[in-house]
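J.: So that you have it, the file is protein-v1.pdb, and it contains PDB, C-alpha atoms, pLDDT in the B column:
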ATOM      1  CA  MET J   1      40.094-181.757  65.012  1.00 89.00           C
ATOM      2  CA  GLN J   2      39.316-184.160  62.171  1.00 94.00           C
ATOM      3  CA  THR J   3      37.120-187.203  62.858  1.00 97.00           C
ATOM      4  CA  ARG J   4      37.273-190.243  60.590  1.00 98.00           C
ATOM      5  CA  THR J   5      34.573-192.931  60.597  1.00 98.00           C
ATOM      6  CA  ALA J   6      35.304-196.570  59.818  1.00 98.00           C
ATOM      7  CA  THR J   7      32.405-198.974  59.285  1.00 98.00           C
ATOM      8  CA  CYS J   8      31.809-202.625  58.622  1.00 98.00           C
ATOM      9  CA  ARG J   9      30.343-203.641  55.265  1.00 97.00           C
ATOM     10  CA  CYS J  10      26.740-203.608  56.516  1.00 98.00           C
ATOM     11  CA  GLY J  11      27.299-200.296  58.344  1.00 97.00           C
ATOM     12  CA  GLN J  12      26.043-201.189  61.824  1.00 98.00           C
ATOM     13  CA  LEU J  13      29.501-201.383  63.516  1.00 98.00           C
ATOM     14  CA  LYS J  14      31.480-198.132  63.547  1.00 98.00           C
ATOM     15  CA  ALA J  15      34.753-196.746  64.848  1.00 98.00           C
ATOM     16  CA  GLU J  16      34.972-192.960  65.218  1.00 98.00           C
ATOM     17  CA  CYS J  17      38.630-191.881  65.267  1.00 98.00           C
ATOM     18  CA  GLU J  18      39.561-188.355  66.355  1.00 98.00           C
ATOM     19  CA  GLY J  19      42.637-186.519  65.173  1.00 97.00           C
ATOM     20  CA  THR J  20      45.675-187.707  63.283  1.00 96.00           C
ATOM     21  CA  PRO J  21      46.650-191.374  63.483  1.00 97.00           C
ATOM     22  CA  ILE J  22      49.892-192.007  65.367  1.00 97.00           C
ATOM     23  CA  ARG J  23      50.907-194.682  62.852  1.00 96.00           C
ATOM     24  CA  VAL J  24      49.776-195.865  59.416  1.00 97.00           C
ATOM     25  CA  SER J  25      51.307-199.161  58.332  1.00 95.00           C
ATOM     26  CA  VAL J  26      51.014-202.297  56.259  1.00 95.00           C
ATOM     27  CA  CYS J  27      51.672-205.805  57.532  1.00 92.00           C
ATOM     28  CA  HIS J  28      52.612-208.786  55.394  1.00 91.00           C
ATOM     29  CA  CYS J  29      52.386-211.491  58.088  1.00 87.00           C
ATOM     30  CA  LEU J  30      50.463-214.594  57.103  1.00 86.00           C
ATOM     31  CA  ASP J  31      47.759-214.062  59.734  1.00 88.00           C
ATOM     32  CA  CYS J  32      47.042-210.535  58.461  1.00 88.00           C
ATOM     33  CA  GLN J  33      46.848-211.945  54.946  1.00 89.00           C
ATOM     34  CA  LYS J  34      44.279-214.484  56.155  1.00 89.00           C
ATOM     35  CA  ARG J  35      42.323-211.840  58.115  1.00 89.00           C
ATOM     36  CA  THR J  36      42.016-209.514  55.136  1.00 89.00           C
ATOM     37  CA  GLY J  37      41.776-212.095  52.380  1.00 90.00           C
ATOM     38  CA  SER J  38      44.477-210.092  50.606  1.00 94.00           C
ATOM     39  CA  ALA J  39      48.243-210.035  50.175  1.00 93.00           C
ATOM     40  CA  LEU J  40      48.675-207.556  53.053  1.00 93.00           C
ATOM     41  CA  ALA J  41      46.832-205.625  55.731  1.00 93.00           C
ATOM     42  CA  ALA J  42      46.817-201.829  55.989  1.00 96.00           C
ATOM     43  CA  GLN J  43      45.881-200.156  59.260  1.00 97.00           C
ATOM     44  CA  ALA J  44      46.014-196.895  61.167  1.00 98.00           C
ATOM     45  CA  ARG J  45      46.509-196.571  64.908  1.00 98.00           C
ATOM     46  CA  TRP J  46      45.164-194.023  67.372  1.00 98.00           C
ATOM     47  CA  PRO J  47      45.416-193.604  71.137  1.00 98.00           C
ATOM     48  CA  GLU J  48      42.575-195.597  72.712  1.00 97.00           C
ATOM     49  CA  ALA J  49      40.979-192.426  74.142  1.00 98.00           C
ATOM     50  CA  ARG J  50      40.516-191.112  70.578  1.00 98.00           C
ATOM     51  CA  VAL J  51      38.576-194.143  69.253  1.00 98.00           C
ATOM     52  CA  THR J  52      34.903-194.862  69.996  1.00 98.00           C
ATOM     53  CA  VAL J  53      33.446-198.133  68.726  1.00 98.00           C
ATOM     54  CA  THR J  54      29.645-198.383  68.531  1.00 98.00           C
ATOM     55  CA  GLY J  55      27.316-201.121  67.333  1.00 98.00           C
ATOM     56  CA  ASP J  56      27.013-204.849  67.835  1.00 98.00           C
ATOM     57  CA  ALA J  57      30.470-206.445  67.906  1.00 98.00           C
ATOM     58  CA  ARG J  58      32.011-209.803  68.649  1.00 98.00           C
ATOM     59  CA  THR J  59      35.631-210.414  69.590  1.00 97.00           C
ATOM     60  CA  TRP J  60      38.174-213.000  68.579  1.00 96.00           C
ATOM     61  CA  GLU J  61      41.666-213.396  70.034  1.00 96.00           C
ATOM     62  CA  ARG J  62      44.886-214.942  68.856  1.00 92.00           C
ATOM     63  CA  ILE J  63      48.561-214.871  69.715  1.00 90.00           C
ATOM     64  CA  ALA J  64      50.391-212.859  67.040  1.00 83.00           C
ATOM     65  CA  ASP J  65      53.779-213.755  65.563  1.00 76.00           C
ATOM     66  CA  SER J  66      55.215-211.170  67.956  1.00 79.00           C
ATOM     67  CA  GLY J  67      54.002-213.306  70.898  1.00 85.00           C
ATOM     68  CA  HIS J  68      51.443-210.687  71.946  1.00 88.00           C
ATOM     69  CA  ARG J  69      47.708-211.291  72.237  1.00 93.00           C
ATOM     70  CA  ALA J  70      45.639-209.596  69.520  1.00 94.00           C
ATOM     71  CA  THR J  71      41.922-208.972  70.106  1.00 97.00           C
ATOM     72  CA  TYR J  72      39.767-208.207  67.070  1.00 97.00           C
ATOM     73  CA  ARG J  73      36.330-206.561  67.138  1.00 98.00           C
ATOM     74  CA  PHE J  74      34.222-207.589  64.168  1.00 97.00           C
ATOM     75  CA  CYS J  75      30.636-207.371  62.975  1.00 98.00           C
ATOM     76  CA  PRO J  76      28.623-210.557  63.669  1.00 98.00           C
ATOM     77  CA  HIS J  77      26.400-209.804  60.667  1.00 98.00           C
ATOM     78  CA  CYS J  78      28.878-209.163  57.823  1.00 97.00           C
ATOM     79  CA  GLY J  79      32.159-210.356  59.407  1.00 96.00           C
ATOM     80  CA  SER J  80      34.207-207.177  58.888  1.00 96.00           C
ATOM     81  CA  THR J  81      36.940-206.356  61.404  1.00 96.00           C
ATOM     82  CA  VAL J  82      36.541-202.710  62.459  1.00 98.00           C
ATOM     83  CA  ALA J  83      39.081-202.393  65.285  1.00 98.00           C
ATOM     84  CA  TYR J  84      41.694-204.406  67.119  1.00 97.00           C
ATOM     85  CA  VAL J  85      44.216-204.102  69.913  1.00 97.00           C
ATOM     86  CA  ILE J  86      47.551-205.819  70.422  1.00 93.00           C
ATOM     87  CA  GLU J  87      48.909-206.080  73.950  1.00 92.00           C
ATOM     88  CA  GLY J  88      52.358-205.027  72.668  1.00 88.00           C
ATOM     89  CA  TRP J  89      50.786-201.633  71.840  1.00 91.00           C
ATOM     90  CA  PRO J  90      49.156-200.711  75.180  1.00 94.00           C
ATOM     91  CA  GLY J  91      46.599-197.899  74.981  1.00 96.00           C
ATOM     92  CA  VAL J  92      46.449-198.013  71.157  1.00 97.00           C
ATOM     93  CA  VAL J  93      43.643-199.132  68.816  1.00 98.00           C
ATOM     94  CA  ALA J  94      44.244-200.195  65.212  1.00 98.00           C
ATOM     95  CA  VAL J  95      41.590-199.733  62.531  1.00 98.00           C
ATOM     96  CA  PRO J  96      41.835-201.377  59.088  1.00 97.00           C
ATOM     97  CA  LEU J  97      42.234-198.701  56.397  1.00 96.00           C
ATOM     98  CA  GLY J  98      39.644-200.270  54.120  1.00 96.00           C
ATOM     99  CA  ALA J  99      36.963-199.714  56.776  1.00 98.00           C
ATOM    100  CA  PHE J 100      37.305-195.964  56.142  1.00 97.00           C
ATOM    101  CA  ALA J 101      36.546-196.339  52.409  1.00 96.00           C
ATOM    102  CA  ASP J 102      38.675-193.224  51.826  1.00 96.00           C
ATOM    103  CA  PRO J 103      41.145-193.248  48.901  1.00 95.00           C
ATOM    104  CA  GLU J 104      42.635-189.999  50.272  1.00 95.00           C
ATOM    105  CA  PHE J 105      43.697-191.615  53.580  1.00 96.00           C
ATOM    106  CA  PRO J 106      47.363-190.905  54.434  1.00 94.00           C
ATOM    107  CA  ALA J 107      49.825-193.408  52.961  1.00 94.00           C
ATOM    108  CA  PRO J 108      51.571-195.944  55.186  1.00 95.00           C
ATOM    109  CA  ARG J 109      54.940-194.998  56.625  1.00 95.00           C
ATOM    110  CA  PHE J 110      55.802-198.508  57.852  1.00 93.00           C
ATOM    111  CA  SER J 111      55.855-201.886  56.094  1.00 93.00           C
ATOM    112  CA  VAL J 112      56.465-204.879  58.391  1.00 90.00           C
ATOM    113  CA  TYR J 113      56.963-208.639  58.046  1.00 88.00           C
ATOM    114  CA  GLU J 114      58.425-208.014  54.614  1.00 90.00           C
ATOM    115  CA  HIS J 115      60.037-211.461  54.611  1.00 88.00           C
ATOM    116  CA  ARG J 116      56.463-212.731  54.039  1.00 89.00           C
ATOM    117  CA  LYS J 117      55.587-210.130  51.409  1.00 88.00           C
ATOM    118  CA  HIS J 118      54.366-211.362  48.027  1.00 92.00           C
ATOM    119  CA  ARG J 119      57.050-210.773  45.396  1.00 92.00           C
ATOM    120  CA  TRP J 120      54.705-208.687  43.243  1.00 94.00           C
ATOM    121  CA  VAL J 121      53.894-206.256  46.099  1.00 93.00           C
ATOM    122  CA  ASP J 122      55.951-203.082  46.405  1.00 91.00           C
ATOM    123  CA  ILE J 123      55.317-200.498  49.132  1.00 90.00           C
ATOM    124  CA  VAL J 124      56.777-197.292  47.721  1.00 90.00           C
ATOM    125  CA  GLY J 125      57.811-193.937  49.134  1.00 87.00           C
ATOM    126  CA  ASP J 126      61.043-192.373  50.293  1.00 85.00           C
ATOM    127  CA  ASP J 127      59.754-192.054  53.862  1.00 88.00           C
ATOM    128  CA  VAL J 128      58.550-195.675  54.268  1.00 90.00           C
ATOM    129  CA  GLU J 129      60.392-197.734  56.879  1.00 89.00           C
ATOM    130  CA  HIS J 130      60.768-201.360  55.700  1.00 90.00           C
ATOM    131  CA  SER J 131      61.236-204.169  58.218  1.00 87.00           C
ATOM    132  CA  SER J 132      61.021-207.928  58.576  1.00 83.00           C
ATOM    133  CA  THR J 133      60.136-207.593  62.262  1.00 66.00           C
ATOM    134  CA  PRO J 134      56.741-206.903  63.852  1.00 59.00           C
ATOM    135  CA  SER J 135      55.224-203.422  63.536  1.00 47.00           C
ATOM    136  CA  ALA J 136      57.271-202.226  66.481  1.00 46.00           C
ATOM    137  CA  VAL J 137      59.432-203.818  69.067  1.00 47.00           C
ATOM    138  CA  ARG J 138      58.299-201.625  71.926  1.00 35.00           C
ATOM    139  CA  MET J 139      59.047-201.580  75.582  1.00 35.00           C
ATOM    140  CA  PRO J 140      55.846-202.162  77.612  1.00 39.00           C
ATOM    141  CA  GLY J 141      54.477-198.896  78.922  1.00 42.00           C
ATOM    142  CA  ARG J 142      56.382-196.724  76.423  1.00 41.00           C
ATOM    143  CA  GLN J 143      54.479-193.523  75.756  1.00 43.00           C
ATOM    144  CA  LEU J 144      53.453-192.738  72.206  1.00 43.00           C
ATOM    145  CA  HIS J 145      53.353-189.212  70.861  1.00 43.00           C
ATOM    146  CA  ASP J 146      49.749-188.142  70.226  1.00 43.00           C
ATOM    147  CA  PRO J 147      49.905-185.443  67.505  1.00 45.00           C
ATOM    148  CA  GLY J 148      46.322-184.409  68.291  1.00 44.00           C
ATOM    149  CA  ARG J 149      47.080-183.549  71.916  1.00 40.00           C
ATOM    150  CA  GLU J 150      48.923-180.470  73.036  1.00 39.00           C
ATOM    151  CA  GLU J 151      51.706-181.172  75.494  1.00 33.00           C
TER     152      GLU J 151
END
Take the structure in the file and give it back as structure tokens.
T.:
Amino acid sequence: MQTRTATCRCGQLKAECEGTPIRVSVCHCLDCQKRTGSALAAQARWPEARVTVTGDARTWERIADSGHRATYRFCPHCGSTVAYVIEGWPGVVAVPLGAFADPEFPAPRFSVYEHRKHRWVDIVGDDVEHSSTPSAVRMPGRQLHDPGREE
């Protein structure tokens, strides 16, 4: 099983992610733009049991546009977000793609909050789902398929 390692800029905070992500997406919401300092945020999600975060971390919480609480784990030394959870995605951890520093990382399959997308941004691919709603409108407790686990 493949393991991917995401780190903060100074390298002391790490997220080890086992297996294939269950979702790779980009978000164009204004808060993600502020968090990343860019026109969008790109992230991958794994089941919580497949992510181990080590190092000195601080947390910060906010209520997302979806109405769900988002809790971010970031490095207190360099400020990089390395992992976060959103209560609308129970049992799932998101990791910013840039923290992997891997240009070969799988492309996003979902692009959300496109009504806030910069006009010059274009997320391409025939298999990309485009939406103006949050990353998923999920029923609480819905089970996600874990491609790394045999059923």
J.: Just say which residues the PyMOL selection byres ((chain J and resi 99) around 10) picks in this file, as a PyMOL selection string.
T.: chain J and resi 5-9+11+14-15+43+80-83+95-98+100-102
J.: Evaluating the PyMOL selection byres ((chain J and resi 109-114) around 6) on the displayed file yields which residues, as a ChimeraX atom specification?
T.: /J:24-29,108,115-117,128-135
J.: Using all atoms listed in the file, which of the listed residues (J:Val85, J:Val92, J:Met1, J:Cys17) sits closest to J:Arg50?
T.: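 Checking each candidate against J:Arg50, we get J:Cys17 as the closest.
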J.: Closest to J:Glu87 among J:Leu30, J:Phe74, J:Glu104, J:Glu61, using all atoms listed in the file?
T.: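 Smallest separation from J:Glu87 among the options: J:Glu61.
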J.: Considering all atoms listed in the file, can you say which of J:His77, J:Thr52, J:Gln33, J:Gly91 comes closest to J:Arg4?
T.: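 Between J:His77, J:Thr52, J:Gln33, J:Gly91, the residue approaching J:Arg4 most closely is J:Thr52.
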J.: Pick the closest to J:Glu48 from J:Arg23, J:Asp31, J:Pro90, J:Val121: which is it, counting all atoms listed in the file?
T.: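 Closest to J:Glu48, using all atoms listed in the file: J:Pro90.
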J.: Using Å and a single decimal, report how far atom CA of J:Gly37 sits from atom CA of J:Trp120.
T.: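 Computed distance, atom CA of J:Trp120 to atom CA of J:Gly37, equals 16.2 Å.
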J.: Choose the residue, out of J:Leu40, J:Gly19, J:Thr3, J:Phe105, that has the smallest atom-to-atom separation from J:Asp122; count all atoms listed in the file.
T.: J:Leu40
J.: For atom CA of J:Tyr84 and atom CA of J:Ala39, determine how far apart the two atoms are, in Å to one decimal place.
T.: 19.0 Å
J.: To test the calculation: enclose all listed atoms of stretch 106-112 of chain J in a box whose edges run along x, y and z, add 8 Å on each side, then state centre and edge lengths in Å to one decimal, as lines of an AutoDock Vina configuration file.
T.:
center_x = 51.9
center_y = -197.9
center_z = 55.7
size_x = 25.1
size_y = 30.0
size_z = 21.4
J.: For atom CA of J:Ala107 and atom CA of J:Gly79, determine how far apart the two atoms are, in Å to one decimal place.
T.: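 Between these atoms lies a distance of 25.3 Å.
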J.: Calculated over all atoms listed in the file, which of the candidates J:Leu13, J:Ala44, J:Ala49, J:Arg69 has the smallest distance to J:Ala94?
T.: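 Comparing J:Leu13, J:Ala44, J:Ala49, J:Arg69 against J:Ala94, the winner is J:Ala44.
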J.: At a cut-off of 10 Å, using only C-alpha atoms, what residues contact J:Arg62? Leave out same-chain residues fewer than 5 positions from it and give the result as a PDB file with C-alpha atoms, keeping the file's coordinate frame.
T.:
ATOM      1  CA  ASP J  31      47.759-214.062  59.734  1.00 88.00           C
ATOM      2  CA  GLY J  67      54.002-213.306  70.898  1.00 85.00           C
ATOM      3  CA  HIS J  68      51.443-210.687  71.946  1.00 88.00           C
ATOM      4  CA  ARG J  69      47.708-211.291  72.237  1.00 93.00           C
ATOM      5  CA  ALA J  70      45.639-209.596  69.520  1.00 94.00           C
ATOM      6  CA  THR J  71      41.922-208.972  70.106  1.00 97.00           C
ATOM      7  CA  TYR J  72      39.767-208.207  67.070  1.00 97.00           C
ATOM      8  CA  ILE J  86      47.551-205.819  70.422  1.00 93.00           C
TER       9      ILE J  86
END
J.: For stretch 100-124 of chain J, supply N, CA and C atoms and report the output as a PDB file, keeping the file's coordinate frame.
T.:
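Writing the result to selection-v4.pdb gives the following:
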ATOM      1  N   PHE J 100      37.581-197.392  56.329  1.00 97.00           N
ATOM      2  CA  PHE J 100      37.305-195.964  56.142  1.00 97.00           C
ATOM      3  C   PHE J 100      36.760-195.652  54.750  1.00 97.00           C
ATOM      4  N   ALA J 101      36.997-196.550  53.796  1.00 96.00           N
ATOM      5  CA  ALA J 101      36.546-196.339  52.409  1.00 96.00           C
ATOM      6  C   ALA J 101      36.920-194.929  51.941  1.00 96.00           C
ATOM      7  N   ASP J 102      38.190-194.565  52.145  1.00 96.00           N
ATOM      8  CA  ASP J 102      38.675-193.224  51.826  1.00 96.00           C
ATOM      9  C   ASP J 102      39.981-193.315  51.036  1.00 96.00           C
ATOM     10  N   PRO J 103      39.921-193.173  49.703  1.00 95.00           N
ATOM     11  CA  PRO J 103      41.145-193.248  48.901  1.00 95.00           C
ATOM     12  C   PRO J 103      42.153-192.139  49.205  1.00 95.00           C
ATOM     13  N   GLU J 104      41.733-191.099  49.929  1.00 95.00           N
ATOM     14  CA  GLU J 104      42.635-189.999  50.272  1.00 95.00           C
ATOM     15  C   GLU J 104      43.298-190.196  51.638  1.00 95.00           C
ATOM     16  N   PHE J 105      43.101-191.353  52.267  1.00 96.00           N
ATOM     17  CA  PHE J 105      43.697-191.615  53.580  1.00 96.00           C
ATOM     18  C   PHE J 105      45.217-191.514  53.465  1.00 96.00           C
ATOM     19  N   PRO J 106      45.898-191.016  54.493  1.00 94.00           N
ATOM     20  CA  PRO J 106      47.363-190.905  54.434  1.00 94.00           C
ATOM     21  C   PRO J 106      48.027-192.254  54.132  1.00 94.00           C
ATOM     22  N   ALA J 107      49.087-192.209  53.357  1.00 94.00           N
ATOM     23  CA  ALA J 107      49.825-193.408  52.961  1.00 94.00           C
ATOM     24  C   ALA J 107      50.557-194.009  54.158  1.00 94.00           C
ATOM     25  N   PRO J 108      50.811-195.316  54.099  1.00 95.00           N
ATOM     26  CA  PRO J 108      51.571-195.944  55.186  1.00 95.00           C
ATOM     27  C   PRO J 108      53.011-195.455  55.211  1.00 95.00           C
ATOM     28  N   ARG J 109      53.539-195.387  56.427  1.00 95.00           N
ATOM     29  CA  ARG J 109      54.940-194.998  56.625  1.00 95.00           C
ATOM     30  C   ARG J 109      55.782-196.184  57.083  1.00 95.00           C
ATOM     31  N   PHE J 110      55.112-197.314  57.371  1.00 93.00           N
ATOM     32  CA  PHE J 110      55.802-198.508  57.852  1.00 93.00           C
ATOM     33  C   PHE J 110      55.283-199.728  57.103  1.00 93.00           C
ATOM     34  N   SER J 111      56.194-200.625  56.739  1.00 93.00           N
ATOM     35  CA  SER J 111      55.855-201.886  56.094  1.00 93.00           C
ATOM     36  C   SER J 111      56.601-202.984  56.856  1.00 93.00           C
ATOM     37  N   VAL J 112      55.843-203.884  57.510  1.00 90.00           N
ATOM     38  CA  VAL J 112      56.465-204.879  58.391  1.00 90.00           C
ATOM     39  C   VAL J 112      56.196-206.298  57.908  1.00 90.00           C
ATOM     40  N   TYR J 113      56.986-207.229  58.442  1.00 88.00           N
ATOM     41  CA  TYR J 113      56.963-208.639  58.046  1.00 88.00           C
ATOM     42  C   TYR J 113      57.219-208.782  56.546  1.00 88.00           C
ATOM     43  N   GLU J 114      58.152-207.991  56.041  1.00 90.00           N
ATOM     44  CA  GLU J 114      58.425-208.014  54.614  1.00 90.00           C
ATOM     45  C   GLU J 114      59.031-209.331  54.127  1.00 90.00           C
ATOM     46  N   HIS J 115      59.543-210.147  55.022  1.00 88.00           N
ATOM     47  CA  HIS J 115      60.037-211.461  54.611  1.00 88.00           C
ATOM     48  C   HIS J 115      58.886-212.382  54.189  1.00 88.00           C
ATOM     49  N   ARG J 116      57.635-211.971  54.459  1.00 89.00           N
ATOM     50  CA  ARG J 116      56.463-212.731  54.039  1.00 89.00           C
ATOM     51  C   ARG J 116      55.666-211.993  52.954  1.00 89.00           C
ATOM     52  N   LYS J 117      56.239-210.943  52.445  1.00 88.00           N
ATOM     53  CA  LYS J 117      55.587-210.130  51.409  1.00 88.00           C
ATOM     54  C   LYS J 117      55.554-210.890  50.090  1.00 88.00           C
ATOM     55  N   HIS J 118      54.453-210.776  49.364  1.00 92.00           N
ATOM     56  CA  HIS J 118      54.366-211.362  48.027  1.00 92.00           C
ATOM     57  C   HIS J 118      55.357-210.638  47.120  1.00 92.00           C
ATOM     58  N   ARG J 119      56.018-211.363  46.261  1.00 92.00           N
ATOM     59  CA  ARG J 119      57.050-210.773  45.396  1.00 92.00           C
ATOM     60  C   ARG J 119      56.529-209.662  44.510  1.00 92.00           C
ATOM     61  N   TRP J 120      55.267-209.692  44.148  1.00 94.00           N
ATOM     62  CA  TRP J 120      54.705-208.687  43.243  1.00 94.00           C
ATOM     63  C   TRP J 120      54.210-207.446  43.972  1.00 94.00           C
ATOM     64  N   VAL J 121      54.314-207.419  45.306  1.00 93.00           N
ATOM     65  CA  VAL J 121      53.894-206.256  46.099  1.00 93.00           C
ATOM     66  C   VAL J 121      55.098-205.354  46.325  1.00 93.00           C
ATOM     67  N   ASP J 122      54.895-204.051  46.151  1.00 91.00           N
ATOM     68  CA  ASP J 122      55.951-203.082  46.405  1.00 91.00           C
ATOM     69  C   ASP J 122      55.344-201.895  47.132  1.00 91.00           C
ATOM     70  N   ILE J 123      55.773-201.656  48.357  1.00 90.00           N
ATOM     71  CA  ILE J 123      55.317-200.498  49.132  1.00 90.00           C
ATOM     72  C   ILE J 123      56.317-199.388  48.858  1.00 90.00           C
ATOM     73  N   VAL J 124      55.864-198.325  48.202  1.00 90.00           N
ATOM     74  CA  VAL J 124      56.777-197.292  47.721  1.00 90.00           C
ATOM     75  C   VAL J 124      56.692-196.020  48.558  1.00 90.00           C
TER      76      VAL J 124
END
